[in-house]
>>> print(open('model_12.pdb').read())   # PDB, C-alpha atoms
ATOM      1  CA  MET O   1      43.273  -0.043 -82.153
ATOM      2  CA  ASN O   2      43.286   2.688 -84.818
ATOM      3  CA  ILE O   3      46.611   2.055 -86.532
ATOM      4  CA  VAL O   4      46.424  -1.743 -86.781
ATOM      5  CA  ASN O   5      43.328  -2.814 -88.688
ATOM      6  CA  ASN O   6      44.475  -5.283 -91.331
ATOM      7  CA  ILE O   7      46.427  -8.362 -90.173
ATOM      8  CA  LEU O   8      48.110 -10.912 -92.444
ATOM      9  CA  VAL O   9      48.911 -14.413 -91.153
ATOM     10  CA  PRO O  10      51.199 -16.641 -93.281
ATOM     11  CA  VAL O  11      49.790 -20.168 -93.101
ATOM     12  CA  ASP O  12      51.784 -23.314 -93.879
ATOM     13  CA  PHE O  13      49.403 -25.582 -91.926
ATOM     14  CA  SER O  14      51.994 -26.291 -89.225
ATOM     15  CA  ASP O  15      51.209 -26.291 -85.501
ATOM     16  CA  SER O  16      53.059 -22.989 -85.110
ATOM     17  CA  ALA O  17      50.942 -21.369 -87.856
ATOM     18  CA  THR O  18      47.775 -22.655 -86.184
ATOM     19  CA  GLY O  19      48.939 -21.095 -82.928
ATOM     20  CA  ALA O  20      49.434 -17.737 -84.654
ATOM     21  CA  ILE O  21      45.945 -17.925 -86.164
ATOM     22  CA  LYS O  22      44.366 -18.655 -82.780
ATOM     23  CA  TYR O  23      46.324 -15.774 -81.243
ATOM     24  CA  VAL O  24      44.899 -13.397 -83.861
ATOM     25  CA  VAL O  25      41.389 -14.693 -83.187
ATOM     26  CA  GLY O  26      41.969 -13.785 -79.538
ATOM     27  CA  MET O  27      43.136 -10.307 -80.523
ATOM     28  CA  ALA O  28      40.094  -9.772 -82.740
ATOM     29  CA  ALA O  29      37.740 -10.778 -79.940
ATOM     30  CA  PHE O  30      38.703  -7.483 -78.250
ATOM     31  CA  ASP O  31      38.577  -5.395 -81.439
ATOM     32  CA  THR O  32      35.783  -6.044 -83.942
ATOM     33  CA  LYS O  33      37.389  -3.712 -86.502
ATOM     34  CA  LEU O  34      40.332  -6.054 -87.024
ATOM     35  CA  GLU O  35      40.353  -7.928 -90.316
ATOM     36  CA  CYS O  36      42.507 -10.963 -91.056
ATOM     37  CA  ILE O  37      44.078 -12.388 -94.206
ATOM     38  CA  LEU O  38      45.018 -16.079 -94.186
ATOM     39  CA  TYR O  39      47.963 -16.102 -96.588
ATOM     40  CA  HIS O  40      49.738 -18.952 -98.368
ATOM     41  CA  VAL O  41      52.376 -19.106-101.105
ATOM     42  CA  LEU O  42      52.121 -22.355-103.047
ATOM     43  CA  GLU O  43      54.981 -24.813-103.116
ATOM     44  CA  GLU O  44      55.728 -26.823-106.229
ATOM     45  CA  ALA O  45      53.800 -29.979-105.298
ATOM     46  CA  GLU O  46      50.744 -28.214-103.883
ATOM     47  CA  LYS O  47      47.397 -27.899-105.630
ATOM     48  CA  ARG O  48      45.737 -24.504-105.375
ATOM     49  CA  SER O  49      42.228 -25.956-104.989
ATOM     50  CA  GLU O  50      43.247 -28.123-102.033
ATOM     51  CA  VAL O  51      45.101 -25.290-100.306
ATOM     52  CA  GLU O  52      42.194 -22.888-100.781
ATOM     53  CA  GLN O  53      39.781 -25.464 -99.406
ATOM     54  CA  ASN O  54      41.954 -26.019 -96.324
ATOM     55  CA  LEU O  55      42.232 -22.290 -95.705
ATOM     56  CA  MET O  56      38.481 -21.850 -96.100
ATOM     57  CA  SER O  57      37.940 -24.582 -93.520
ATOM     58  CA  ILE O  58      40.136 -22.666 -91.054
ATOM     59  CA  LYS O  59      38.266 -19.449 -91.849
ATOM     60  CA  GLU O  60      34.869 -21.054 -91.331
ATOM     61  CA  SER O  61      35.777 -22.838 -88.096
ATOM     62  CA  LEU O  62      37.781 -20.108 -86.341
ATOM     63  CA  PHE O  63      36.605 -16.777 -87.782
ATOM     64  CA  ASP O  64      33.115 -16.984 -89.276
ATOM     65  CA  GLY O  65      31.536 -18.392 -86.134
ATOM     66  CA  LYS O  66      32.840 -15.418 -84.133
ATOM     67  CA  GLY O  67      31.848 -12.772 -86.670
ATOM     68  CA  ILE O  68      35.466 -11.826 -87.460
ATOM     69  CA  LYS O  69      36.181 -10.588 -90.980
ATOM     70  CA  CYS O  70      38.640 -12.855 -92.745
ATOM     71  CA  TRP O  71      39.916 -13.386 -96.298
ATOM     72  CA  VAL O  72      41.900 -16.161 -97.930
ATOM     73  CA  VAL O  73      44.779 -15.289-100.297
ATOM     74  CA  VAL O  74      46.856 -17.874-102.192
ATOM     75  CA  ARG O  75      49.820 -16.879-104.368
ATOM     76  CA  ASN O  76      52.423 -18.461-106.630
ATOM     77  CA  GLY O  77      56.098 -17.515-106.438
ATOM     78  CA  ASP O  78      58.824 -16.850-103.904
ATOM     79  CA  PHE O  79      57.502 -16.551-100.351
ATOM     80  CA  LEU O  80      59.338 -13.392 -99.329
ATOM     81  CA  GLU O  81      58.948 -11.597-102.665
ATOM     82  CA  LYS O  82      55.204 -12.205-102.778
ATOM     83  CA  LEU O  83      54.776 -11.305 -99.122
ATOM     84  CA  ILE O  84      56.552  -7.961 -99.560
ATOM     85  CA  GLU O  85      54.489  -7.177-102.673
ATOM     86  CA  ASP O  86      51.203  -8.126-101.035
ATOM     87  CA  GLN O  87      52.011  -6.350 -97.787
ATOM     88  CA  ILE O  88      51.723  -3.102 -99.757
ATOM     89  CA  GLU O  89      48.994  -4.130-102.184
ATOM     90  CA  LEU O  90      46.716  -5.531 -99.474
ATOM     91  CA  LYS O  91      47.445  -2.584 -97.148
ATOM     92  CA  VAL O  92      48.670  -4.820 -94.334
ATOM     93  CA  ASP O  93      49.242  -3.081 -90.987
ATOM     94  CA  LEU O  94      50.653  -6.066 -89.087
ATOM     95  CA  ILE O  95      52.032  -9.490 -90.005
ATOM     96  CA  VAL O  96      51.530 -12.228 -87.412
ATOM     97  CA  MET O  97      53.639 -15.345 -87.885
ATOM     98  CA  GLY O  98      54.204 -18.488 -85.852
ATOM     99  CA  THR O  99      57.647 -19.989 -85.411
ATOM    100  CA  THR O 100      59.113 -22.972 -83.604
ATOM    101  CA  GLY O 101      62.496 -21.344 -83.041
ATOM    102  CA  HIS O 102      64.300 -24.620 -83.852
ATOM    103  CA  ALA O 103      67.536 -24.550 -85.806
ATOM    104  CA  ASN O 104      67.244 -25.249 -89.548
ATOM    105  CA  ASN O 105      63.473 -25.086 -89.331
ATOM    106  CA  ARG O 106      61.494 -23.593 -92.214
ATOM    107  CA  ASP O 107      59.411 -21.519 -89.809
ATOM    108  CA  GLU O 108      62.562 -19.915 -88.424
ATOM    109  CA  THR O 109      63.906 -19.249 -91.937
ATOM    110  CA  HIS O 110      60.662 -17.616 -93.034
ATOM    111  CA  ALA O 111      60.491 -15.561 -89.841
ATOM    112  CA  ALA O 112      64.067 -14.314 -90.337
ATOM    113  CA  GLU O 113      63.315 -13.432 -93.966
ATOM    114  CA  LEU O 114      60.137 -11.670 -92.913
ATOM    115  CA  LEU O 115      61.856  -9.551 -90.274
ATOM    116  CA  GLN O 116      64.609  -8.562 -92.685
ATOM    117  CA  GLY O 117      62.415  -7.863 -95.698
ATOM    118  CA  ALA O 118      58.911  -6.734 -94.761
ATOM    119  CA  ASP O 119      58.627  -3.026 -94.002
ATOM    120  CA  CYS O 120      55.775  -3.122 -91.487
ATOM    121  CA  PRO O 121      55.347  -4.274 -87.884
ATOM    122  CA  ALA O 122      55.515  -8.025 -87.333
ATOM    123  CA  LEU O 123      54.367 -10.131 -84.397
ATOM    124  CA  ILE O 124      56.236 -13.427 -83.992
ATOM    125  CA  ILE O 125      54.314 -16.063 -82.017
ATOM    126  CA  PRO O 126      56.417 -18.851 -80.428
ATOM    127  CA  GLU O 127      55.259 -22.439 -80.693
ATOM    128  CA  GLY O 128      52.753 -23.419 -78.030
ATOM    129  CA  PHE O 129      51.575 -19.842 -77.473
ATOM    130  CA  ASP O 130      48.082 -19.706 -78.955
ATOM    131  CA  GLN O 131      46.053 -17.897 -76.300
ATOM    132  CA  PHE O 132      45.945 -14.121 -76.551
ATOM    133  CA  ARG O 133      46.790 -12.368 -73.292
ATOM    134  CA  LEU O 134      48.176  -8.866 -72.893
ATOM    135  CA  LYS O 135      48.170  -7.599 -69.341
ATOM    136  CA  LYS O 136      51.866  -6.665 -69.387
ATOM    137  CA  ILE O 137      54.034  -5.742 -72.377
ATOM    138  CA  ALA O 138      57.736  -4.826 -72.322
ATOM    139  CA  LEU O 139      59.500  -2.488 -74.756
ATOM    140  CA  ALA O 140      63.256  -3.011 -74.971
ATOM    141  CA  LEU O 141      65.136   0.268 -75.442
ATOM    142  CA  ASP O 142      68.782   0.867 -76.339
ATOM    143  CA  GLU O 143      71.235   3.748 -76.683
ATOM    144  CA  ASN O 144      70.326   4.562 -80.302
ATOM    145  CA  GLU O 145      68.258   7.494 -81.502
ATOM    146  CA  PHE O 146      64.842   6.592 -82.882
ATOM    147  CA  ASP O 147      64.816   6.517 -86.673
ATOM    148  CA  ASN O 148      61.042   6.780 -86.874
ATOM    149  CA  SER O 149      58.996   7.676 -83.803
ATOM    150  CA  PHE O 150      55.850   6.455 -85.605
ATOM    151  CA  ASP O 151      56.858   2.984 -84.399
ATOM    152  CA  LEU O 152      56.168   4.207 -80.871
ATOM    153  CA  GLN O 153      52.710   5.288 -81.972
ATOM    154  CA  VAL O 154      52.012   1.714 -83.086
ATOM    155  CA  PHE O 155      53.284   0.435 -79.743
ATOM    156  CA  HIS O 156      51.207   3.013 -77.869
ATOM    157  CA  ASP O 157      48.006   2.040 -79.671
ATOM    158  CA  PHE O 158      48.685  -1.665 -79.162
ATOM    159  CA  ALA O 159      49.241  -1.255 -75.415
ATOM    160  CA  LYS O 160      46.449   1.308 -74.978
ATOM    161  CA  TRP O 161      43.767  -0.709 -76.737
ATOM    162  CA  TYR O 162      44.361  -3.791 -74.604
ATOM    163  CA  ASN O 163      44.945  -1.751 -71.439
ATOM    164  CA  ALA O 164      48.357  -3.331 -70.887
ATOM    165  CA  LYS O 165      50.857  -2.174 -68.280
ATOM    166  CA  VAL O 166      54.067  -1.142 -70.040
ATOM    167  CA  HIS O 167      57.567  -2.040 -68.860
ATOM    168  CA  LEU O 168      60.259   0.106 -70.517
ATOM    169  CA  ILE O 169      63.510  -1.817 -70.133
ATOM    170  CA  LYS O 170      67.093  -0.970 -70.979
ATOM    171  CA  VAL O 171      69.709  -3.530 -70.038
ATOM    172  CA  ASP O 172      72.605  -2.062 -68.043
ATOM    173  CA  LYS O 173      75.671  -3.892 -69.377
ATOM    174  CA  THR O 174      78.172  -2.021 -67.219
ATOM    175  CA  GLY O 175      76.506  -2.592 -63.867
ATOM    176  CA  GLN O 176      77.136   1.073 -63.094
ATOM    177  CA  GLY O 177      73.450   1.795 -62.749
ATOM    178  CA  GLY O 178      71.271   3.595 -65.240
ATOM    179  CA  GLY O 179      68.515   6.120 -65.121
ATOM    180  CA  VAL O 180      65.741   7.565 -67.203
ATOM    181  CA  HIS O 181      67.705  10.715 -67.969
ATOM    182  CA  GLU O 182      70.457   8.674 -69.649
ATOM    183  CA  LEU O 183      68.074   7.684 -72.435
ATOM    184  CA  LYS O 184      68.682   9.628 -75.646
ATOM    185  CA  ASN O 185      65.008   9.359 -76.522
ATOM    186  CA  GLU O 186      63.618  10.271 -73.127
ATOM    187  CA  ASP O 187      61.375  13.121 -74.323
ATOM    188  CA  THR O 188      59.979  11.108 -77.234
ATOM    189  CA  VAL O 189      59.310   8.098 -75.028
ATOM    190  CA  GLU O 190      57.582  10.246 -72.420
ATOM    191  CA  TYR O 191      55.378  11.823 -75.102
ATOM    192  CA  TYR O 192      54.064   8.483 -76.343
ATOM    193  CA  MET O 193      53.798   6.858 -72.912
ATOM    194  CA  GLU O 194      51.935   9.738 -71.281
ATOM    195  CA  SER O 195      48.488   8.111 -71.438
ATOM    196  CA  LEU O 196      49.755   4.619 -70.504
ATOM    197  CA  ASP O 197      50.440   2.875 -67.223
ATOM    198  CA  TYR O 198      54.215   2.434 -67.459
ATOM    199  CA  LEU O 199      57.430   2.024 -65.514
ATOM    200  CA  TYR O 200      61.167   2.034 -66.289
ATOM    201  CA  SER O 201      63.539  -0.816 -65.456
ATOM    202  CA  PHE O 202      67.303  -1.107 -65.932
ATOM    203  CA  PRO O 203      68.209  -4.764 -65.320
ATOM    204  CA  LYS O 204      71.933  -5.426 -64.959
ATOM    205  CA  ASN O 205      73.404  -8.009 -67.321
ATOM    206  CA  GLU O 206      76.501  -8.140 -69.507
ATOM    207  CA  ASP O 207      74.496 -10.036 -72.129
ATOM    208  CA  ILE O 208      71.699  -7.859 -73.558
ATOM    209  CA  GLU O 209      69.708 -10.807 -74.929
ATOM    210  CA  LYS O 210      69.851 -12.679 -71.605
ATOM    211  CA  GLY O 211      69.026  -9.532 -69.688
ATOM    212  CA  ILE O 212      65.889  -8.974 -71.758
ATOM    213  CA  LEU O 213      64.715 -12.587 -71.672
ATOM    214  CA  ASP O 214      65.389 -12.944 -67.938
ATOM    215  CA  TYR O 215      63.381  -9.794 -67.250
ATOM    216  CA  VAL O 216      60.476 -11.059 -69.358
ATOM    217  CA  ARG O 217      60.446 -14.364 -67.473
ATOM    218  CA  GLU O 218      60.910 -12.934 -63.984
ATOM    219  CA  ASN O 219      58.189 -10.311 -64.419
ATOM    220  CA  ASP O 220      55.585 -12.497 -66.121
ATOM    221  CA  ILE O 221      55.550 -10.342 -69.257
ATOM    222  CA  ASP O 222      52.957 -11.339 -71.895
ATOM    223  CA  ALA O 223      54.656  -9.818 -74.957
ATOM    224  CA  LEU O 224      57.984  -8.210 -75.813
ATOM    225  CA  ALA O 225      58.453  -5.326 -78.263
ATOM    226  CA  ILE O 226      61.659  -4.138 -79.936
ATOM    227  CA  MET O 227      62.620  -1.418 -82.426
ATOM    228  CA  PRO O 228      65.545  -2.883 -84.414
ATOM    229  CA  ARG O 229      66.116  -0.189 -87.087
ATOM    230  CA  THR O 230      66.421  -2.834 -89.835
ATOM    231  CA  HIS O 231      64.986  -0.372 -92.346
ATOM    232  CA  ALA O 232      66.472   2.791 -90.836
ATOM    233  CA  LYS O 233      66.860   5.737 -93.204
ATOM    234  CA  LYS O 234      68.212   8.470 -90.924
ATOM    235  CA  THR O 235      70.827   6.278 -89.276
ATOM    236  CA  ARG O 236      72.827   3.217 -90.259
ATOM    237  CA  PRO O 237      70.446   0.231 -90.633
ATOM    238  CA  SER O 238      70.795  -2.585 -88.136
ATOM    239  CA  GLU O 239      71.745  -6.066 -89.313
ATOM    240  CA  GLY O 240      69.001  -7.405 -87.075
ATOM    241  CA  ARG O 241      71.116  -9.895 -85.114
ATOM    242  CA  LEU O 242      69.418  -9.253 -81.761
ATOM    243  CA  THR O 243      65.998  -9.380 -83.420
ATOM    244  CA  LYS O 244      66.710 -12.796 -84.931
ATOM    245  CA  VAL O 245      68.072 -14.113 -81.631
ATOM    246  CA  LEU O 246      65.050 -12.892 -79.680
ATOM    247  CA  ALA O 247      62.669 -14.263 -82.329
ATOM    248  CA  LYS O 248      64.332 -17.644 -81.879
ATOM    249  CA  HIS O 249      64.506 -17.720 -78.079
ATOM    250  CA  SER O 250      61.608 -15.621 -76.802
ATOM    251  CA  THR O 251      58.948 -17.636 -75.005
ATOM    252  CA  VAL O 252      56.382 -14.839 -75.445
ATOM    253  CA  PRO O 253      55.159 -13.081 -78.607
ATOM    254  CA  LEU O 254      57.713 -10.677 -80.063
ATOM    255  CA  LEU O 255      56.398  -7.434 -81.560
ATOM    256  CA  VAL O 256      58.968  -6.080 -84.039
ATOM    257  CA  LEU O 257      58.389  -2.395 -84.741
ATOM    258  CA  ASP O 258      60.319  -1.463 -87.865
TER
END
>>> encode(input="model_12.pdb", output="structure tokens")
Amino acid sequence: MNIVNNILVPVDFSDSATGAIKYVVGMAAFDTKLECILYHVLEEAEKRSEVEQNLMSIKESLFDGKGIKCWVVVRNGDFLEKLIEDQIELKVDLIVMGTTGHANNRDETHAAELLQGADCPALIIPEGFDQFRLKKIALALDENEFDNSFDLQVFHDFAKWYNAKVHLIKVDKTGQGGGVHELKNEDTVEYYMESLDYLYSFPKNEDIEKGILDYVRENDIDALAIMPRTHAKKTRPSEGRLTKVLAKHSTVPLLVLD
């Protein structure tokens, strides 16, 4: 995977964070060039030495034994501010974060902040999903023009490296029937999908979120990708409502390309 080389995993020592770490270990087993950063921002009552020791234990038990390159980074300050700073400084290509998806949960709050603030792809791993598997990946499309087609390059490389079958889905809210030629980005999509095994689907549902999640469940999809335009520059930025909803309710990893 040429574009994604450096992965950052926020670690708060919860079960969901452990699941995200194990998922990344599974990814790295198929790509020896991947490097991982175990990342923690200290809370007021925490001692740096204890946190570093705990992170090193995770590194030694899950990464070192498999020959996967891994670093430990511990910071002081506000979680989101430090993460955004370090995303650039550490040259992070992908952030992988676990979340429980429960209301008023810190994991959900951090995930929402991450998706709104960090300007790089993020992979949200739902609780209980710790085994990497990518035979089928779905990309949810909509009626908007692409703000940055580079996001499709990231998706292409992700799917290509793991030899995943791609499902391009656009929910048909009207029930009138849709087709490939109704997509505004048809030519761009075709360009990036050319070397992949892919198909188009237009599931009918008045509720876009439900239409996407039902399709994922009914077709045994291993991961879902979306392009929310949260940091759009050419068009009006999205408020990210659908992204937050999918991050909360998706039962498979959610790849946010933004």
>>> atom_distance(input="model_12.pdb", atom1="atom CA of Ser57 of chain O", atom2="atom CA of Glu81 of chain O")
26.3 Å
>>> resolve_selection(input="model_12.pdb", expression="the PyMOL selection byres ((chain O and resi 140) around 9)", output="list in words")
Ala138, Leu139, Leu141, Asp142, His167, Leu168, Ile169, Lys170, Val171, Ile212, Leu224, Ala225, Ile226 and Met227 of chain O
>>> residues_near_point(input="model_12.pdb", point="(51.0, -26.8, -81.4)", cutoff="10 Å", atoms="all atoms listed in the file", output="list of chain:residue names")
O:Ser14, O:Asp15, O:Ser16, O:Ala17, O:Thr18, O:Gly19, O:Ala20, O:Gly98, O:Thr100, O:Pro126, O:Glu127, O:Gly128, O:Phe129, O:Asp130
>>> residues_around(input="model_12.pdb", residues="Ser250 of chain O", least_positions_apart="3", cutoff="7 Å", atoms="only C-alpha atoms", output="list in words")
Leu213, Leu246 and Ala247 of chain O
>>> resolve_selection(input="model_12.pdb", expression="the PyMOL selection byres ((chain O and resi 73) around 12)", output="PyMOL selection string")
chain O and resi 8-11+36-42+48-49+51-56+59+70-72+74-76+82-83+86-87+90
>>> residues_around(input="model_12.pdb", residues="segment 26-32 of chain O", least_positions_apart="2", cutoff="10 Å", atoms="all atoms listed in the file", output="PyMOL selection string")
chain O and resi 1-2+5+7+20-24+34-36+63+66-69+130-134+161-162
>>> residues_around(input="model_12.pdb", residues="Thr174 of chain O", least_positions_apart="5", cutoff="9 Å", atoms="only C-alpha atoms", output="list of chain:residue names")
O:Lys204, O:Asn205, O:Glu206
>>> closest_residue(input="model_12.pdb", among="O:Asp222, O:Asp78, O:Asp64, O:Asp258", to="Val25 of chain O", atoms="all atoms listed in the file")
O:Asp64
>>> closest_residue(input="model_12.pdb", among="O:His249, O:Lys33, O:Lys244, O:Lys91", to="Val216 of chain O", atoms="only C-alpha atoms")
O:His249
>>> atom_distance(input="model_12.pdb", atom1="atom CA of Glu186 of chain O", atom2="atom CA of Tyr215 of chain O")
20.9 Å
>>> closest_residue(input="model_12.pdb", among="O:Leu80, O:Lys47, O:Glu60, O:Leu255", to="Val154 of chain O", atoms="all atoms listed in the file")
O:Leu255
>>> resolve_selection(input="model_12.pdb", expression="the PyMOL selection byres ((chain O and resi 118) around 8)", output="NGL selection string")
:O and (83-84 or 87 or 114-117 or 119-120)
>>> write_last_selection(input="model_12.pdb", atoms="C-alpha atoms", output="PDB file, in the frame of the given file")
ATOM      1  CA  LEU O  83      54.776 -11.305 -99.122  1.00  0.00           C
ATOM      2  CA  ILE O  84      56.552  -7.961 -99.560  1.00  0.00           C
ATOM      3  CA  GLN O  87      52.011  -6.350 -97.787  1.00  0.00           C
ATOM      4  CA  LEU O 114      60.137 -11.670 -92.913  1.00  0.00           C
ATOM      5  CA  LEU O 115      61.856  -9.551 -90.274  1.00  0.00           C
ATOM      6  CA  GLN O 116      64.609  -8.562 -92.685  1.00  0.00           C
ATOM      7  CA  GLY O 117      62.415  -7.863 -95.698  1.00  0.00           C
ATOM      8  CA  ASP O 119      58.627  -3.026 -94.002  1.00  0.00           C
ATOM      9  CA  CYS O 120      55.775  -3.122 -91.487  1.00  0.00           C
TER      10      CYS O 120
END
>>> build_atoms(input="model_12.pdb", residues="segment 159-173 of chain O", atoms="N, CA and C atoms", output="PDB file, in the frame of the given file")
ATOM      1  N   ALA O 159      49.325  -1.152 -76.876  1.00  0.00           N
ATOM      2  CA  ALA O 159      49.241  -1.255 -75.415  1.00  0.00           C
ATOM      3  C   ALA O 159      47.971  -0.591 -74.881  1.00  0.00           C
ATOM      4  N   LYS O 160      47.615   0.547 -75.447  1.00  0.00           N
ATOM      5  CA  LYS O 160      46.449   1.308 -74.978  1.00  0.00           C
ATOM      6  C   LYS O 160      45.161   0.537 -75.218  1.00  0.00           C
ATOM      7  N   TRP O 161      45.012  -0.031 -76.406  1.00  0.00           N
ATOM      8  CA  TRP O 161      43.767  -0.709 -76.737  1.00  0.00           C
ATOM      9  C   TRP O 161      43.489  -1.878 -75.790  1.00  0.00           C
ATOM     10  N   TYR O 162      44.542  -2.618 -75.459  1.00  0.00           N
ATOM     11  CA  TYR O 162      44.361  -3.791 -74.604  1.00  0.00           C
ATOM     12  C   TYR O 162      44.622  -3.478 -73.124  1.00  0.00           C
ATOM     13  N   ASN O 163      44.791  -2.199 -72.827  1.00  0.00           N
ATOM     14  CA  ASN O 163      44.945  -1.751 -71.439  1.00  0.00           C
ATOM     15  C   ASN O 163      46.091  -2.486 -70.731  1.00  0.00           C
ATOM     16  N   ALA O 164      47.213  -2.601 -71.430  1.00  0.00           N
ATOM     17  CA  ALA O 164      48.357  -3.331 -70.887  1.00  0.00           C
ATOM     18  C   ALA O 164      49.283  -2.401 -70.102  1.00  0.00           C
ATOM     19  N   LYS O 165      49.827  -2.914 -69.019  1.00  0.00           N
ATOM     20  CA  LYS O 165      50.857  -2.174 -68.280  1.00  0.00           C
ATOM     21  C   LYS O 165      52.162  -2.298 -69.056  1.00  0.00           C
ATOM     22  N   VAL O 166      52.861  -1.188 -69.215  1.00  0.00           N
ATOM     23  CA  VAL O 166      54.067  -1.142 -70.040  1.00  0.00           C
ATOM     24  C   VAL O 166      55.321  -1.135 -69.173  1.00  0.00           C
ATOM     25  N   HIS O 167      56.257  -2.018 -69.499  1.00  0.00           N
ATOM     26  CA  HIS O 167      57.567  -2.040 -68.860  1.00  0.00           C
ATOM     27  C   HIS O 167      58.595  -1.569 -69.889  1.00  0.00           C
ATOM     28  N   LEU O 168      59.212  -0.411 -69.643  1.00  0.00           N
ATOM     29  CA  LEU O 168      60.259   0.106 -70.517  1.00  0.00           C
ATOM     30  C   LEU O 168      61.595  -0.363 -69.953  1.00  0.00           C
ATOM     31  N   ILE O 169      62.286  -1.229 -70.685  1.00  0.00           N
ATOM     32  CA  ILE O 169      63.510  -1.817 -70.133  1.00  0.00           C
ATOM     33  C   ILE O 169      64.725  -1.485 -70.994  1.00  0.00           C
ATOM     34  N   LYS O 170      65.807  -1.163 -70.323  1.00  0.00           N
ATOM     35  CA  LYS O 170      67.093  -0.970 -70.979  1.00  0.00           C
ATOM     36  C   LYS O 170      68.134  -1.718 -70.149  1.00  0.00           C
ATOM     37  N   VAL O 171      68.739  -2.706 -70.753  1.00  0.00           N
ATOM     38  CA  VAL O 171      69.709  -3.530 -70.038  1.00  0.00           C
ATOM     39  C   VAL O 171      70.967  -2.716 -69.736  1.00  0.00           C
ATOM     40  N   ASP O 172      71.391  -2.753 -68.495  1.00  0.00           N
ATOM     41  CA  ASP O 172      72.605  -2.062 -68.043  1.00  0.00           C
ATOM     42  C   ASP O 172      73.775  -3.045 -68.112  1.00  0.00           C
ATOM     43  N   LYS O 173      74.568  -2.953 -69.165  1.00  0.00           N
ATOM     44  CA  LYS O 173      75.671  -3.892 -69.377  1.00  0.00           C
ATOM     45  C   LYS O 173      76.835  -3.628 -68.434  1.00  0.00           C
TER      46      LYS O 173
END
